[in-house]
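*Asks:* Hey, dropping coords-v2.cif in here, mmCIF, C-alpha atoms and all ligand atoms:
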data_data
loop_
_atom_site.label_atom_id
_atom_site.label_comp_id
_atom_site.auth_asym_id
_atom_site.auth_seq_id
_atom_site.Cartn_x
_atom_site.Cartn_y
_atom_site.Cartn_z
CA MET A 1 87.88 263.49 127.16
CA ASN A 2 90.59 265.30 125.21
CA ARG A 3 89.60 266.15 121.64
CA ASP A 4 92.12 263.66 120.25
CA THR A 5 90.56 260.89 122.32
CA ILE A 6 87.06 261.87 121.14
CA CYS A 7 88.29 261.57 117.53
CA VAL A 8 89.29 257.98 118.22
CA GLN A 9 86.66 256.74 120.70
CA GLY A 10 83.80 259.27 120.85
CA GLY A 11 80.18 258.49 120.02
CA TYR A 12 80.23 254.73 120.49
CA THR A 13 81.07 252.57 123.51
CA PRO A 14 80.50 248.85 122.90
CA GLY A 15 79.05 246.70 125.67
CA ASN A 16 80.38 243.31 126.69
CA GLY A 17 80.91 241.12 123.61
CA GLU A 18 79.69 243.80 121.20
CA PRO A 19 81.55 244.86 118.02
CA ARG A 20 84.65 247.01 118.67
CA GLN A 21 84.01 249.04 115.51
CA ILE A 22 80.73 250.93 115.00
CA PRO A 23 78.43 248.40 113.33
CA ILE A 24 76.91 249.34 109.97
CA ILE A 25 73.19 248.93 110.57
CA GLN A 26 72.25 248.40 106.94
CA SER A 27 68.52 248.29 107.51
CA THR A 28 65.86 250.67 106.26
CA THR A 29 63.44 249.71 109.00
CA PHE A 30 63.16 248.37 112.55
CA LYS A 31 60.80 245.80 114.03
CA TYR A 32 58.35 246.30 116.94
CA ASP A 33 56.11 243.97 118.94
CA THR A 34 53.08 246.23 119.12
CA SER A 35 51.63 249.12 117.15
CA GLU A 36 51.49 251.07 120.40
CA ASP A 37 55.29 250.80 120.79
CA MET A 38 55.76 252.19 117.32
CA GLY A 39 53.13 254.88 117.84
CA LYS A 40 55.17 256.33 120.71
CA LEU A 41 58.15 256.74 118.37
CA PHE A 42 56.01 258.51 115.78
CA ASP A 43 54.75 260.90 118.46
CA LEU A 44 58.34 261.57 119.64
CA GLU A 45 57.29 260.23 123.05
CA ALA A 46 59.94 257.50 123.13
CA ASP A 47 63.48 257.21 121.75
CA GLY A 48 64.12 254.59 119.14
CA TYR A 49 64.41 253.82 115.46
CA PHE A 50 61.70 253.10 112.97
CA TYR A 51 62.90 254.23 109.55
CA SER A 52 66.44 255.10 108.41
CA ARG A 53 65.38 258.24 106.53
CA LEU A 54 64.80 259.81 109.96
CA GLN A 55 67.39 258.14 112.14
CA ASN A 56 69.79 255.21 111.98
CA PRO A 57 72.01 253.88 114.79
CA THR A 58 75.24 254.03 112.73
CA CYS A 59 74.60 257.62 111.67
CA ASP A 60 73.60 258.59 115.21
CA ALA A 61 76.83 257.22 116.71
CA VAL A 62 78.92 259.24 114.25
CA ALA A 63 76.76 262.35 114.84
CA ARG A 64 77.36 261.96 118.61
CA LYS A 65 81.12 261.96 117.98
CA ILE A 66 80.90 265.15 115.89
CA ALA A 67 78.70 266.81 118.56
CA ALA A 68 81.30 265.97 121.20
CA LEU A 69 84.16 267.26 119.01
CA GLU A 70 82.40 270.60 118.49
CA GLY A 71 81.31 270.89 122.13
CA GLY A 72 77.62 270.78 121.16
CA THR A 73 74.58 269.12 122.73
CA ALA A 74 73.07 267.42 119.66
CA ALA A 75 73.98 266.68 116.05
CA MET A 76 72.67 265.03 112.92
CA LEU A 77 74.27 263.77 109.72
CA THR A 78 73.00 264.84 106.31
CA SER A 79 73.60 263.54 102.79
CA SER A 80 76.03 266.39 101.96
CA GLY A 81 77.37 269.72 103.16
CA GLN A 82 74.83 271.45 100.92
CA ALA A 83 71.99 269.66 102.72
CA ALA A 84 73.52 270.57 106.11
CA ASN A 85 73.61 274.30 105.33
CA PHE A 86 70.15 274.25 103.77
CA PHE A 87 68.64 272.44 106.78
CA ALA A 88 70.44 274.66 109.30
CA LEU A 89 69.00 277.80 107.67
CA PHE A 90 65.59 276.48 106.64
CA ASN A 91 64.96 275.08 110.13
CA ILE A 92 64.51 278.66 111.37
CA CYS A 93 63.71 280.68 108.21
CA GLN A 94 60.58 280.67 106.12
CA CYS A 95 58.99 282.72 103.34
CA GLY A 96 59.20 286.41 104.26
CA ASP A 97 62.35 286.02 106.40
CA HIS A 98 65.86 287.37 105.90
CA ILE A 99 69.44 286.13 106.43
CA VAL A 100 72.66 288.10 106.97
CA SER A 101 75.62 286.24 105.46
CA SER A 102 79.32 286.78 104.97
CA SER A 103 79.94 287.38 101.25
CA THR A 104 82.98 285.09 101.08
CA ILE A 105 81.36 281.68 101.31
CA TYR A 106 81.47 278.47 99.29
CA GLY A 107 80.00 278.91 95.78
CA GLY A 108 77.37 276.22 96.33
CA THR A 109 76.19 277.88 99.53
CA PHE A 110 76.21 281.29 97.84
CA ASN A 111 73.88 279.91 95.12
CA LEU A 112 71.73 278.12 97.68
CA ILE A 113 71.12 281.31 99.64
CA SER A 114 71.07 283.90 96.87
CA VAL A 115 69.15 281.96 94.18
CA THR A 116 67.33 278.90 95.50
CA MET A 117 66.29 280.22 98.91
CA ALA A 118 65.34 283.54 97.26
CA LYS A 119 62.79 281.52 95.22
CA MET A 120 61.34 280.36 98.55
CA GLY A 121 60.86 283.98 99.57
CA ILE A 122 63.89 284.21 101.87
CA ASP A 123 66.02 287.34 101.36
CA VAL A 124 69.72 287.75 102.06
CA THR A 125 72.10 290.63 102.70
CA PHE A 126 75.75 289.80 102.08
CA VAL A 127 78.37 291.61 104.13
CA SER A 128 82.13 291.58 103.76
CA PRO A 129 83.75 289.43 106.47
CA THR A 130 85.96 292.44 107.20
CA CYS A 131 83.03 294.87 107.61
CA THR A 132 82.91 297.14 110.65
CA GLU A 133 80.52 296.47 113.53
CA GLU A 134 78.39 299.38 112.29
CA GLU A 135 78.19 297.96 108.75
CA LEU A 136 77.26 294.56 110.14
CA ASP A 137 74.62 296.08 112.39
CA ALA A 138 73.10 297.95 109.44
CA ALA A 139 72.55 294.69 107.53
CA PHE A 140 69.87 293.48 109.98
CA ARG A 141 66.12 293.87 109.42
CA PRO A 142 63.19 293.16 111.71
CA ASN A 143 62.65 289.86 109.81
CA THR A 144 66.29 288.68 110.05
CA LYS A 145 66.40 285.13 111.46
CA ALA A 146 70.02 284.02 111.16
CA VAL A 147 73.61 285.10 110.52
CA PHE A 148 75.85 282.84 108.44
CA GLY A 149 79.59 282.60 107.76
CA GLU A 150 82.49 280.17 107.23
CA THR A 151 85.33 279.94 109.77
CA ILE A 152 87.78 279.76 106.83
CA ALA A 153 86.02 280.48 103.57
CA ASN A 154 86.28 278.11 100.60
CA PRO A 155 87.94 279.20 98.31
CA ALA A 156 88.56 282.82 99.43
CA LEU A 157 90.43 281.64 102.59
CA THR A 158 89.20 284.64 104.59
CA VAL A 159 88.99 284.07 108.36
CA LEU A 160 85.69 284.92 110.07
CA ASP A 161 85.81 287.10 113.17
CA ILE A 162 83.41 284.75 114.96
CA GLU A 163 83.06 286.91 118.09
CA LYS A 164 82.17 289.98 116.02
CA PHE A 165 79.51 288.09 114.06
CA ALA A 166 78.15 286.31 117.17
CA HIS A 167 77.90 289.58 119.05
CA ALA A 168 75.90 291.21 116.23
CA ALA A 169 73.62 288.17 115.84
CA HIS A 170 72.86 287.99 119.57
CA ALA A 171 72.27 291.76 119.80
CA HIS A 172 69.48 291.19 117.23
CA GLY A 173 68.12 288.06 118.94
CA VAL A 174 69.15 285.55 116.26
CA PRO A 175 71.67 282.67 116.14
CA LEU A 176 75.03 282.59 114.37
CA ILE A 177 75.49 279.60 112.07
CA VAL A 178 79.12 278.81 111.22
CA ASP A 179 80.28 276.40 108.52
CA ASN A 180 83.41 274.91 110.12
CA THR A 181 84.37 272.61 107.24
CA PHE A 182 87.91 273.86 106.58
CA PRO A 183 89.46 274.07 110.09
CA THR A 184 87.38 271.18 111.54
CA PRO A 185 86.87 271.10 115.34
CA VAL A 186 90.49 270.00 115.67
CA ASN A 187 91.66 273.53 114.77
CA CYS A 188 88.66 275.64 115.83
CA GLN A 189 85.51 275.16 117.88
CA PRO A 190 83.20 278.02 116.80
CA ILE A 191 80.81 277.29 119.71
CA ALA A 192 83.51 278.32 122.18
CA TRP A 193 83.59 281.73 120.45
CA GLY A 194 79.82 282.29 120.45
CA ALA A 195 78.48 280.37 117.43
CA ASP A 196 75.10 278.73 118.07
CA ILE A 197 74.92 276.22 115.21
CA VAL A 198 77.88 274.62 113.41
CA THR A 199 77.69 272.93 110.02
CA HIS A 200 80.08 270.73 108.06
CA SER A 201 80.71 269.29 104.68
CA THR A 202 82.09 266.03 106.09
CA THR A 203 83.12 265.28 102.49
CA LYS A 204 86.25 267.33 103.18
CA TYR A 205 88.74 266.80 106.04
CA MET A 206 86.41 264.80 108.30
CA ASP A 207 86.30 262.00 105.74
CA GLY A 208 89.65 263.15 104.37
CA HIS A 209 90.14 260.35 101.86
CA GLY A 210 87.88 261.52 99.05
CA ALA A 211 85.61 258.54 99.74
CA ALA A 212 82.17 259.67 100.96
CA VAL A 213 80.00 262.76 100.42
CA GLY A 214 78.27 263.89 103.61
CA GLY A 215 77.34 266.70 105.96
CA ALA A 216 76.61 267.39 109.61
CA ILE A 217 74.79 269.95 111.78
CA VAL A 218 75.70 270.53 115.44
CA ASP A 219 73.65 272.53 117.95
CA SER A 220 75.47 274.31 120.78
CA GLY A 221 72.35 274.08 122.93
CA LYS A 222 73.01 277.67 123.97
CA PHE A 223 70.50 279.70 121.98
CA ASP A 224 67.38 280.56 123.99
CA TRP A 225 64.63 280.13 121.40
CA MET A 226 61.82 280.82 123.87
CA ALA A 227 63.36 284.21 124.75
CA HIS A 228 62.78 285.15 121.07
CA ALA A 229 59.62 283.12 120.55
CA ASP A 230 58.06 285.70 118.21
CA LYS A 231 60.95 285.23 115.74
CA PHE A 232 60.96 281.43 115.80
CA PRO A 233 57.37 280.17 115.65
CA GLY A 234 58.52 276.85 114.19
CA LEU A 235 60.38 276.03 117.41
CA CYS A 236 58.22 277.90 119.90
CA THR A 237 54.64 277.15 118.86
CA PRO A 238 52.90 273.76 118.53
CA ASP A 239 53.74 271.61 115.49
CA GLU A 240 50.42 270.24 114.26
CA SER A 241 52.20 267.50 112.33
CA TYR A 242 53.43 266.14 115.69
CA HIS A 243 50.26 266.37 117.75
CA GLY A 244 50.96 269.87 118.93
CA ILE A 245 54.49 269.37 120.29
CA THR A 246 56.36 272.64 120.92
CA TYR A 247 59.99 271.69 120.25
CA ALA A 248 61.62 274.37 122.42
CA GLU A 249 59.45 273.42 125.41
CA ARG A 250 59.60 269.67 125.04
CA PHE A 251 63.28 269.26 124.08
CA GLY A 252 64.78 272.41 125.64
CA ARG A 253 67.68 274.45 124.32
CA GLU A 254 69.82 271.31 124.11
CA GLY A 255 67.62 269.32 121.76
CA ALA A 256 64.97 271.48 120.08
CA PHE A 257 66.89 272.50 116.95
CA ILE A 258 68.12 269.04 115.93
CA THR A 259 64.84 267.33 116.86
CA LYS A 260 62.88 269.74 114.67
CA ALA A 261 65.36 269.43 111.79
CA THR A 262 65.08 265.63 111.99
CA ALA A 263 61.33 265.40 112.56
CA GLN A 264 60.35 267.92 109.88
CA LEU A 265 63.15 268.53 107.37
CA MET A 266 64.60 265.03 107.22
CA ARG A 267 61.08 263.61 107.12
CA ASP A 268 60.03 265.90 104.26
CA PHE A 269 63.25 266.37 102.23
CA GLY A 270 64.95 263.06 103.00
CA CYS A 271 68.58 264.18 102.63
CA CYS A 272 69.87 261.42 104.90
CA GLN A 273 73.37 259.96 105.00
CA SER A 274 73.68 256.23 104.38
CA PRO A 275 74.99 254.08 107.24
CA GLN A 276 77.76 252.91 104.88
CA SER A 277 78.90 256.51 104.30
CA ALA A 278 78.68 257.25 108.03
CA PHE A 279 80.96 254.28 108.70
CA ILE A 280 83.52 255.59 106.17
CA LEU A 281 83.22 259.07 107.69
CA ASN A 282 83.96 257.63 111.11
CA LEU A 283 87.13 255.95 109.85
CA GLY A 284 88.24 259.41 108.76
CA LEU A 285 87.32 260.96 112.10
CA GLU A 286 89.44 258.39 113.95
CA SER A 287 92.60 260.00 112.52
CA LEU A 288 91.36 263.59 112.03
CA HIS A 289 93.54 265.05 114.79
CA VAL A 290 96.65 263.38 113.36
CA ARG A 291 95.89 264.30 109.75
CA MET A 292 94.97 267.97 110.32
CA ALA A 293 98.36 268.71 111.85
CA ARG A 294 100.09 267.24 108.79
CA HIS A 295 97.82 269.02 106.27
CA CYS A 296 98.63 272.33 108.00
CA GLU A 297 102.36 271.61 108.25
CA ASN A 298 102.52 270.77 104.52
CA ALA A 299 100.44 273.81 103.54
CA LEU A 300 102.66 276.17 105.54
CA ALA A 301 105.81 274.69 103.99
CA VAL A 302 104.31 275.02 100.48
CA ALA A 303 103.07 278.57 101.19
CA ARG A 304 106.52 279.65 102.43
CA PHE A 305 108.18 278.15 99.36
CA LEU A 306 105.73 279.84 96.98
CA GLU A 307 106.02 283.19 98.74
CA GLN A 308 109.72 283.53 97.95
CA HIS A 309 109.47 282.23 94.36
CA PRO A 310 109.96 284.89 91.64
CA LYS A 311 107.30 283.37 89.34
CA VAL A 312 104.62 283.63 92.05
CA ALA A 313 102.90 287.03 92.31
CA TYR A 314 101.10 286.48 95.63
CA VAL A 315 100.15 283.75 98.14
CA ASP A 316 96.96 283.64 100.26
CA TYR A 317 97.38 281.55 103.39
CA CYS A 318 96.31 282.80 106.81
CA GLY A 319 99.22 280.99 108.46
CA LEU A 320 101.69 283.35 106.71
CA GLU A 321 102.72 286.48 108.63
CA SER A 322 102.13 288.45 105.40
CA SER A 323 98.42 287.50 105.29
CA PRO A 324 95.90 290.20 106.26
CA TYR A 325 94.10 287.41 108.15
CA TYR A 326 97.17 286.41 110.18
CA PRO A 327 96.01 288.24 113.37
CA LEU A 328 92.55 286.60 113.21
CA ALA A 329 94.16 283.22 112.49
CA GLN A 330 96.42 283.65 115.54
CA LYS A 331 93.32 284.23 117.65
CA TYR A 332 90.93 281.58 116.27
CA LEU A 333 93.34 279.07 114.71
CA PRO A 334 96.47 279.10 116.89
CA HIS A 335 97.38 275.46 116.12
CA GLY A 336 96.89 275.67 112.35
CA SER A 337 94.18 276.52 109.83
CA CYS A 338 93.79 274.08 106.94
CA GLY A 339 95.72 272.55 104.06
CA VAL A 340 94.43 274.81 101.29
CA VAL A 341 96.71 277.50 99.82
CA SER A 342 95.80 279.91 97.02
CA PHE A 343 98.36 281.70 94.89
CA GLY A 344 98.68 283.69 91.70
CA LEU A 345 101.19 283.04 88.92
CA ALA A 346 103.03 286.21 87.85
CA GLY A 347 102.64 285.12 84.21
CA GLY A 348 98.81 285.17 84.33
CA ARG A 349 96.37 282.65 82.81
CA GLU A 350 98.90 281.10 80.42
CA ALA A 351 101.41 280.53 83.22
CA ALA A 352 98.75 278.97 85.45
CA SER A 353 97.81 276.57 82.67
CA THR A 354 101.43 275.53 81.99
CA PHE A 355 102.09 275.14 85.71
CA MET A 356 99.06 272.90 86.27
CA LYS A 357 99.88 270.70 83.26
CA SER A 358 103.42 270.22 84.52
CA LEU A 359 102.55 268.99 88.00
CA ARG A 360 103.15 265.27 88.55
CA LEU A 361 102.08 264.60 92.15
CA ALA A 362 99.30 267.16 92.49
CA ALA A 363 96.24 266.08 90.52
CA ILE A 364 93.81 268.49 88.86
CA GLU A 365 90.47 267.99 90.65
CA THR A 366 87.43 269.91 91.86
CA HIS A 367 88.04 268.73 95.40
CA VAL A 368 89.91 269.81 98.51
CA ALA A 369 90.89 268.25 101.81
CA ASP A 370 91.92 264.89 100.40
CA ALA A 371 94.91 262.86 101.64
CA ARG A 372 96.30 263.30 98.09
CA THR A 373 97.36 266.77 96.99
CA CYS A 374 95.08 268.28 94.38
CA CYS A 375 94.73 271.64 92.70
CA LEU A 376 92.41 273.69 90.57
CA ASN A 377 92.60 276.76 88.33
CA PRO A 378 89.06 278.16 88.76
CA ALA A 379 89.38 280.29 85.58
CA SER A 380 89.72 277.24 83.35
CA SER A 381 87.31 274.97 85.26
CA THR A 382 84.62 275.93 87.80
CA HIS A 383 84.47 279.56 86.58
CA ARG A 384 85.30 279.06 82.88
CA GLN A 385 82.18 280.87 81.65
CA MET A 386 83.59 284.15 83.02
CA ASN A 387 85.94 286.59 81.24
CA ASP A 388 89.04 288.01 82.95
CA GLU A 389 87.18 291.07 84.27
CA GLN A 390 84.40 288.96 85.79
CA LEU A 391 86.94 286.56 87.28
CA LYS A 392 88.68 289.42 89.04
CA ALA A 393 85.38 290.74 90.42
CA ALA A 394 84.50 287.25 91.72
CA GLY A 395 87.82 287.08 93.60
CA VAL A 396 89.18 284.27 91.41
CA PRO A 397 91.50 286.03 88.94
CA ALA A 398 92.66 284.07 85.89
CA GLU A 399 96.13 283.38 87.33
CA LEU A 400 94.80 281.93 90.62
CA VAL A 401 95.63 278.34 91.57
CA ARG A 402 94.01 276.71 94.62
CA MET A 403 96.13 273.91 96.00
CA SER A 404 94.89 271.50 98.65
CA CYS A 405 98.00 270.08 100.30
CA GLY A 406 97.63 266.42 101.17
CA LEU A 407 99.51 264.14 103.52
CA GLU A 408 102.55 263.41 101.32
CA ALA A 409 106.10 264.41 102.36
CA SER A 410 106.40 268.18 102.03
CA GLU A 411 109.75 267.95 100.25
CA ASP A 412 108.12 265.89 97.49
CA LEU A 413 105.30 268.43 97.15
CA ILE A 414 107.75 271.32 96.99
CA ALA A 415 109.95 269.50 94.48
CA ASP A 416 106.90 268.88 92.28
CA ILE A 417 105.83 272.54 92.49
CA ALA A 418 109.41 273.70 91.81
CA GLN A 419 109.79 271.60 88.64
CA ALA A 420 106.35 272.76 87.40
CA LEU A 421 107.28 276.40 88.00
CA ASP A 422 110.52 275.81 86.06
CA LYS A 423 108.40 274.91 82.98
CA VAL A 424 106.54 278.24 83.18
C1 LIG A 501 82.34 271.59 99.94
C2 LIG A 501 81.75 272.57 100.85
C3 LIG A 501 80.35 272.63 101.04
C4 LIG A 501 79.39 271.72 100.30
O1 LIG A 501 79.57 270.41 100.75
P1 LIG A 501 79.19 269.11 99.87
O2 LIG A 501 79.51 268.01 100.82
O3 LIG A 501 80.03 269.15 98.65
O4 LIG A 501 77.74 269.23 99.58
C5 LIG A 501 79.86 273.55 101.94
N1 LIG A 501 80.68 274.40 102.61
C6 LIG A 501 82.02 274.37 102.43
C7 LIG A 501 82.88 275.31 103.20
C8 LIG A 501 82.59 273.46 101.55
O5 LIG A 501 83.93 273.44 101.38
#
When written as structure tokens, how does the structure in this file appear?
Ligand SMILES: *Cc1c(COP(=O)(O)O)cnc(C)c1O
*Replies:*
Amino acid sequence: MNRDTICVQGGYTPGNGEPRQIPIIQSTTFKYDTSEDMGKLFDLEADGYFYSRLQNPTCDAVARKIAALEGGTAAMLTSSGQAANFFALFNICQCGDHIVSSSTIYGGTFNLISVTMAKMGIDVTFVSPTCTEEELDAAFRPNTKAVFGETIANPALTVLDIEKFAHAAHAHGVPLIVDNTFPTPVNCQPIAWGADIVTHSTTKYMDGHGAAVGGAIVDSGKFDWMAHADKFPGLCTPDESYHGITYAERFGREGAFITKATAQLMRDFGCCQSPQSAFILNLGLESLHVRMARHCENALAVARFLEQHPKVAYVDYCGLESSPYYPLAQKYLPHGSCGVVSFGLAGGREAASTFMKSLRLAAIETHVADARTCCLNPASSTHRQMNDEQLKAAGVPAELVRMSCGLEASEDLIADIAQALDKV
């Protein structure tokens, strides 16, 4: 099926007389005739549902659609993007291990890896996404278990050279995990470029209406765990909590990663998505291919307008020829990147504040990827504890505005921006 068709119909095919729309199975538990039937499910010897913390038919149908969109073999939904990235990393890392990560990643993920996972005894080395192959190579240690990056970073908007990162990861016998939240599989399929695991905050474009927080993990089914069995004991040696099952043997490359993440991490941490949220997410997915094109078209029009405006000092958008990431965007994102544009007001902090106050259509929000245009001045909100020097060092200077272009008419967005810039 074409990707557009998968957006609309993937993951769920009703039988004769069954509901056309994915049913919301709002049930915590499932009934069985015998204890033996249920025992087989607990032992992972049979497929089926027994408790919605582990698996639920609504969530599974939506996960199947996301797996198909990314070109993966298995997927699972999580309660949020944070849970997805934590599970993807923690499924193969434990105390004493090490991660190599791009330095320009989402703030929540940066904290997760550098603070919370550090408390669990997992180290990280951050590398610039523009580092050379030699610099990237030098970041690895014998205990490195994964490489992490974002296709388009939030909010830095850097574009990851996926092939470069995949090549380095594979040369060291570890998988590349790519957070593909911003482009979505409509604009980039990291697996086709060598990524092994793909994660999502489905809260963003996949839902796309600011309605449901959620996350997803997709396995490419390509990484050969058994070929690196010494590095991944959790996948390649018996799990005593499941009667000695060895995930990589029993479920193969296609299923081992997601089965282990479900059987162990979802069981123990319980960060599951509700069937209601999965249903809302699926409504968003049904129009993802149509919406992404419009988000990108609006963002490019806004970026071009801003670029020629005398009160705007600079514009970051990888779809602009002036962007240092334009060549990478042409390679990995030829049909568009995302709807988020960052720019700096020539008048600094004061100008940014006046500009934001004067907007009428674009709302001030800590959100992106909504159907409604929204914007944020990190210096006066998410990063307000920092002084101007610290803001600069963090890559979010005081004058920076991040605008997430929605699905409105671009001439209305530009008119709104123009009148707000006039007030500056
Ligand atoms: C928002 C976001 C996350 C976190 O997702 P939540 O659903 O808010 O937990 C992770 N990665 C990226 C790139 C994001 O934009």
*Asks:* Ligand LIG 501 (chain A): which residues are within 7 Å, counting only C-alpha atoms and all ligand atoms, as a VMD selection string?
*Replies:* chain A and resid 80 to 83 105 to 106 108 to 109 150 153 to 154 179 to 182 200 to 204 213 to 215
*Asks:* Residues at most 12 Å from His228 of chain A, counting only C-alpha atoms, excluding those fewer than 2 positions away in the same chain, as a ChimeraX atom specification?
*Replies:* /A:92,145,170-175,223-226,230-237,248
*Asks:* Find the distance between atom CA of Tyr51 of chain A and atom CA of Ser27 of chain A and write it in Å to one decimal.
*Replies:* 8.4 Å
*Asks:* Here is a test: counting only C-alpha atoms, which residue of A:Val178, A:Met266, A:Val62, A:Ala68 is nearest to Ala166 of chain A?
*Replies:*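 With only C-alpha atoms as the atom set, the closest residue is A:Val178.
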*Asks:* Between atom CA of Asp239 of chain A and atom CA of Phe87 of chain A, what is the spacing in Å?
*Replies:*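 Rounded to one decimal, the two atoms are 17.3 Å apart.
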*Asks:* Using Å and a single decimal, report how far atom CA of Leu407 of chain A sits from atom CA of Arg294 of chain A.
*Replies:*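 Taking atom CA of Arg294 of chain A and atom CA of Leu407 of chain A, their separation equals 6.1 Å.
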*Asks:* Show me the residues close to (87.1, 258.1, 110.6) - anything with an atom within 10 Å, counting only C-alpha atoms - and format the list as a CSV table (one decimal) with C-alpha atoms, in the frame of the given file.
*Replies:*
chain,number,residue,atom,x,y,z
A,7,CYS,CA,88.3,261.6,117.5
A,8,VAL,CA,89.3,258.0,118.2
A,62,VAL,CA,78.9,259.2,114.2
A,205,TYR,CA,88.7,266.8,106.0
A,206,MET,CA,86.4,264.8,108.3
A,207,ASP,CA,86.3,262.0,105.7
A,208,GLY,CA,89.6,263.2,104.4
A,209,HIS,CA,90.1,260.4,101.9
A,278,ALA,CA,78.7,257.2,108.0
A,279,PHE,CA,81.0,254.3,108.7
A,280,ILE,CA,83.5,255.6,106.2
A,281,LEU,CA,83.2,259.1,107.7
A,282,ASN,CA,84.0,257.6,111.1
A,283,LEU,CA,87.1,256.0,109.8
A,284,GLY,CA,88.2,259.4,108.8
A,285,LEU,CA,87.3,261.0,112.1
A,286,GLU,CA,89.4,258.4,114.0
A,287,SER,CA,92.6,260.0,112.5
A,288,LEU,CA,91.4,263.6,112.0
*Asks:* Quick one: everything within 10 Å of Arg349 of chain A, counting only C-alpha atoms, minus sequence neighbours fewer than 3 positions away in the same chain. Send it as a list of chain:residue names.
*Replies:*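 Listed by chain and then number, they are A:Gly344, A:Leu345, A:Ala346, A:Ala352, A:Ser353, A:Thr354, A:Phe355, A:Asn377, A:Ala379, A:Ser380, A:Asp388, A:Pro397, A:Ala398, A:Glu399, A:Leu400, A:Val401.
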*Asks:* For the selection just defined, write its residues with C-alpha atoms to a file, as a tab-separated table (two decimals), keeping the file's coordinate frame.
*Replies:*
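Writing the result to out.tsv gives the following:
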chain	number	residue	atom	x	y	z
A	344	GLY	CA	98.68	283.69	91.70
A	345	LEU	CA	101.19	283.04	88.92
A	346	ALA	CA	103.03	286.21	87.85
A	352	ALA	CA	98.75	278.97	85.45
A	353	SER	CA	97.81	276.57	82.67
A	354	THR	CA	101.43	275.53	81.99
A	355	PHE	CA	102.09	275.14	85.71
A	377	ASN	CA	92.60	276.76	88.33
A	379	ALA	CA	89.38	280.29	85.58
A	380	SER	CA	89.72	277.24	83.35
A	388	ASP	CA	89.04	288.01	82.95
A	397	PRO	CA	91.50	286.03	88.94
A	398	ALA	CA	92.66	284.07	85.89
A	399	GLU	CA	96.13	283.38	87.33
A	400	LEU	CA	94.80	281.93	90.62
A	401	VAL	CA	95.63	278.34	91.57
*Asks:* Using all atoms listed in the file, find the one residue out of A:Asp412, A:Leu361, A:Gln55, A:Glu297 that sits nearest to Thr262 of chain A.
*Replies:*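 The closest residue to Thr262 of chain A is A:Gln55.
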*Asks:* Of the residues A:Gln330, A:Gln385, A:Thr199, A:Thr151, which is the one nearest to Gly72 of chain A, using only C-alpha atoms?
*Replies:*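 Distance minimum relative to Gly72 of chain A lands on A:Thr199.
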*Asks:* Taking all atoms listed in the file into account, name the residue in A:Ile24, A:Met76, A:Val186, A:Ile364 that is nearest to Cys296 of chain A.
*Replies:* A:Val186
*Asks:* Return the single residue from A:Phe148, A:Tyr32, A:Phe269, A:Trp193 that is closest to Leu89 of chain A, with distances computed using all atoms listed in the file.
*Replies:* A:Phe148
*Asks:* Excluding same-chain residues fewer than 4 positions from Ala293 of chain A, what lies within 12 Å of it counting only C-alpha atoms, as an MDAnalysis selection string?
*Replies:* chainID A and resid 4 183:184 186:187 205 287:289 297:300 333:339 405:407
*Asks:* I'd like to know which of A:Asp370, A:Asp123, A:Asp422, A:Asp60 is closest to Pro23 of chain A, using only C-alpha atoms.
*Replies:* A:Asp60
*Asks:* Please return the centre and edge lengths, in Å to one decimal, of a box with edges along x, y and z that contains all listed atoms of segment 55-62 of chain A, widened by 3 Å on every side, as lines of an AutoDock Vina configuration file.
*Replies:*
center_x = 73.2
center_y = 256.6
center_z = 114.2
size_x = 17.5
size_y = 11.4
size_z = 11.0
*Asks:* Neighbouring residues of Ala118 of chain A were defined as those with any atom within 12 Å, considering all atoms listed in the file; residues of the same chain fewer than 4 positions away were excluded. Please report them as a list in words.
*Replies:*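 Once the adjacent positions are removed, what remains is Phe90, Cys93, Gln94, Cys95, Gly96, Asp97, His98, Ile99, Phe110, Asn111, Leu112, Ile113, Ser114, Ile122, Asp123, Val124 and Thr125 of chain A.
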*Asks:* Can you write out the residues you just picked, keeping C-alpha atoms, as a JSON list (two decimals), in the frame of the given file?
*Replies:*
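The result, written out as part_27.json:
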[["chain", "number", "residue", "atom", "x", "y", "z"],
["A", 90, "PHE", "CA", 65.59, 276.48, 106.64],
["A", 93, "CYS", "CA", 63.71, 280.68, 108.21],
["A", 94, "GLN", "CA", 60.58, 280.67, 106.12],
["A", 95, "CYS", "CA", 58.99, 282.72, 103.34],
["A", 96, "GLY", "CA", 59.20, 286.41, 104.26],
["A", 97, "ASP", "CA", 62.35, 286.02, 106.40],
["A", 98, "HIS", "CA", 65.86, 287.37, 105.90],
["A", 99, "ILE", "CA", 69.44, 286.13, 106.43],
["A", 110, "PHE", "CA", 76.21, 281.29, 97.84],
["A", 111, "ASN", "CA", 73.88, 279.91, 95.12],
["A", 112, "LEU", "CA", 71.73, 278.12, 97.68],
["A", 113, "ILE", "CA", 71.12, 281.31, 99.64],
["A", 114, "SER", "CA", 71.07, 283.90, 96.87],
["A", 122, "ILE", "CA", 63.89, 284.21, 101.87],
["A", 123, "ASP", "CA", 66.02, 287.34, 101.36],
["A", 124, "VAL", "CA", 69.72, 287.75, 102.06],
["A", 125, "THR", "CA", 72.10, 290.63, 102.70]]
